[in-house]
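Everything below concerns the one structure shown next.
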Amino acid sequence: MISHVGGGPSPSSTTPASRPDRQRTAIVIVVLALVLIAAAAAALLVGAAETSGVIVTEIRAPRVLLTVIVGAGLGISGALLQGTLRNPLADPGIIGVSASAALGAVVVIALGAAYSPMAGSTWITALGATIGGVAGMALVLWIARAASGRTEVVTLILGGVAVTAFAAAIISVVVAVSDSAGTRSATFWTTGSLALATWPGVWSTLPFLVLAVILAALVARNLDVLALGDRAAWAAGVDVDRTRMLALGGAVLAVSAGVAVVGVIAFVGLVVPHAVRMLIGPRHGGLLIGSALAGALLLLVADTIARTAVSPVELPLGVVTAVIGAPVFVVLLRRTRAAQGGWA
Amino acid sequence: MSTRVEAREVTVRGRLDRASITVTTGEVHALVGPNGSGKSTLLAVLAGDLDPDSGTVLLDGESWSRIGARAAARRRALLAQETPLAFPFTVREVVGWGRLPWRGTDAAADDDIVIGEVIAEHDLGDVLDRPVTSLSGGERARVHLARVLAQRAPVLLLDEADAALDLAGQAHLDAAVRRRRDAGDAIVIVGHDLGRLAALADTATLLSRGRVVGQGSAASTLTAAALTQAYGVPVETSSIDGRRVFWSAG
């Protein structure tokens with residue numbers, strides 16, 4: 001082995017990620033965590049009703065916790081999808097995973113009400129949502145998969161539109177046909193709300209988030225290398241199929257159980273990873289943690305706006321996130337198209 | 001000279017028909033042929049990228065199939081035509097990925113030394129903290145060359161890696177290839193620039209319609225007659241200042 005180094009660069013400049021980078025990532029993550037804790041504490045004390053012990057422990061506390069779990073799940077899911085699909089526009093809502101999960105949940109609720117004494121079990125509903133989410137993900141990836149094996153940006157979004165529209169249609173039918181109040185309304189499923197947050201809802205979503213976090217931690221480093229493209233990443237030593245399977249699994253687990261409790265909340269998974277990437281760069285180790293925290297924070301803020309802006313009337317949460325997220329989506333769409341030289 | 005890479009009677013249905021090739025330590029081998037002749041397929045088989053329908057591929061005498069992506073990356077590095085990086089990782093990060101196959105092994109202790117060497121060798125010291133996506137095409141090519149050479153794999157495979165390079169980029173790549181050969185690597189190059197390959201390669205394989213139609217020293221394989229046969233157009237060759245040039249008179 002021969003060396004062509006003259007003086008040789010200093011050791012500190014050769015570590016894979018320079019120290020200032022890591023420091024910055026750590027600082028941003030700590031700040032996000034502190035702001036999130038402060039926001040959660042504030043959310044416990046703000047609301048239409050007078051702040052009393054029961055209101056805090058039985059209504060606001062589960063709502064705040066569920067918001068944090070769902071928001072973190074959306075952030076992680078978006079970051080995993082964008083990294084895995086190498087697609088800056090990927091988001092569980094946009095590609096149809098959330099709507100499919102909602103369909104899975106509503107079908108389980110309706111069937112449970114009709115046939116089973118287990119009706120109302122949040123666990124079974126969460127499982128139904130996860131199965132729906134997996135099916136939706138598989139379907140949209142099959143639609144978007146080009147002959148080359150690459151997943152195309154445009155077909156992925158259009159596939160998501162088709163899957164979402166189909167799922168929403170079936171949800172409307174199920175809600176109309178079922179005589180169970182548990183199926184809620186079609187609007188609830190498509191715009192999302194945290195108004196029905198309960199402690200069982202918290203406990204049925206938390207384990208799925210924990211699983212998703214574990215999967216995310218397993219694939220974080222390999223996801224970085226996937227930015228090279230499948231073939232180069234594989235040649236560099238990354239088991240591309242395994243990485244992708246785990247990451248997509250994590251992305252579905254992170255959102256589906258939450259959808260079963262709060263419905264589809266759009267755009268959080270899209271916006272959050274982009275914002276975090278701008279702050280700390282694209283490395284997935286920091287990006288996934290930062291997206292979980294920022295997703296929780298964004299949803300907490302959005303939910304507080306939703307329940308206090310025109311109090312005592314509560315806005316649908318999805319309306320608030322869409323007002324923030326849709327313009328960002330448009331900007332990203334235009335930028336991505338420009339980067340790819342236009343779409344025919 | 002020990003054999004590094006060997007393919008025996010490799011067949012990939014519709015693309016490659018019983019092709020054999022041997023590349024030894026300190027040898028640069030050119031895979032040449034018209035589009036669709038199977039050269040990239042043969043390289044993919046050598047890289048472990050593609051399982052042949054029949055035939056065997058050996059790396060250092062060991063069967064190649066199913067050794068796993070990470071172990072494979074310690075034995076061979078592959079540089080293909082660049083695909084755009086999906087996210088703005090810095091030069092430092094991307095070059096660092098070249099050391100991932102060695103994570104958890106004793107060789108990981110050399111990470112900083114190896115990365116320092118490739119950064120200096122490929123003149124990337126000034127752009128270390130810039131996003132690769134913001135660099136010029138020539139700089140990006142050097143980043144990816146540095147990344148795959150940081151793998152320190154004894155077999156180097158180049159799949160039309162020079163396709164988008166200007167003259168300076170080509171000269172840089174060729175110099176790097178020569179240095180790796182002198183360091184004992186076995187190198188296989190797929191490309192279309194016959195003049196450059198003739199100057200760079202010690203040995204060559206000429207493919208046509210999935211079959212090996214010529215093999216041996218580069219000089220004896222890349223002849224006007226053989227190329228005319230393989231490419232289906234009249235190919236002529238001459239020598240300028242000791243360097244061979246090829247053109248089609250068709």
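Chain labels run A, B, ... following the order of the structure tokens; each chain numbers its residues from 1, and ligands are numbered from 1 in the order shown.
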
Inset, instruction - Please provide the set of residues having any atom within 9 Å of B:Pro34, restricted to only C-alpha atoms, with same-chain residues fewer than 5 positions apart removed, written as a VMD selection string. - result: chain B and resid 39 192 207 to 209 230 to 232

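Applying a distance limit of 7 Å to only C-alpha atoms, the residues of chain B near chain A read Ala69, Arg70, Ala72, Ala73, Ala77, Leu78, Thr83, Leu85, Ala86, Phe87, Pro88, Phe89, Arg92, Glu93, Gly96, Trp97, Gly98, Pro101, Asp112, Ile115, Gly116, Glu117, Ala120, Glu121 and Ala183 of chain B.
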
Output C-alpha atoms for every residue in that selection, as a CSV table (one decimal), in the first residue's frame.
```csv
chain,number,residue,atom,x,y,z
B,69,ALA,CA,-22.5,-6.9,1.0
B,70,ARG,CA,-20.2,-5.8,3.7
B,72,ALA,CA,-17.8,-8.1,-0.4
B,73,ALA,CA,-17.0,-4.4,-0.1
B,77,ALA,CA,-14.6,-1.7,-4.8
B,78,LEU,CA,-16.9,-0.7,-7.6
B,83,THR,CA,-25.9,8.9,-9.8
B,85,LEU,CA,-26.5,12.2,-4.4
B,86,ALA,CA,-30.0,12.4,-2.9
B,87,PHE,CA,-29.1,14.7,0.1
B,88,PRO,CA,-26.4,17.3,0.6
B,89,PHE,CA,-23.8,15.3,2.5
B,92,ARG,CA,-15.9,14.4,4.5
B,93,GLU,CA,-19.0,12.3,5.1
B,96,GLY,CA,-15.9,8.5,5.1
B,97,TRP,CA,-18.5,6.0,3.8
B,98,GLY,CA,-15.7,4.2,2.1
B,101,PRO,CA,-17.1,-2.1,5.4
B,112,ASP,CA,-8.2,8.3,9.8
B,115,ILE,CA,-9.1,8.9,4.7
B,116,GLY,CA,-6.3,11.4,5.1
B,117,GLU,CA,-4.4,9.7,2.2
B,120,ALA,CA,-4.7,14.4,-0.2
B,121,GLU,CA,-4.3,12.1,-3.2
B,183,ALA,CA,0.3,-1.1,-5.2
```

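For A:Leu299, the list of residues within 7 Å, based on only C-alpha atoms and with local chain neighbours fewer than 4 positions off taken out, reads Thr67, Gly71, Gly295 and Asp303 of chain A.
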
Inset, instruction - Find, counting only C-alpha atoms, the residue in A:Ala257, A:Val70, A:Ile55, A:Leu156 that gets nearest to A:Met137. - result: A:Leu156

Inset, instruction - Would you work out the distance separating atom CA of B:Thr228 from atom CA of B:Val190, expressed in Å to one decimal? - result: 18.6 Å

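Scanning stretch 171-229 of chain B with DSSP on the backbone, the helix (DSSP H, G or I) assignments fall on Ala171, His172, Leu173, Asp174, Ala175, Ala176, Val177, Arg178, Arg179, Arg180, Arg181, Asp182, Leu194, Gly195, Arg196, Leu197, Ala198, Ala199, Leu200, Ala218, Ala219, Ser220, Thr221, Ala224, Ala225, Ala226, Leu227, Thr228 and Gln229 of chain B.
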
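Going from atom CA of B:Ile240 to atom CA of B:Leu222 covers 15.9 Å.
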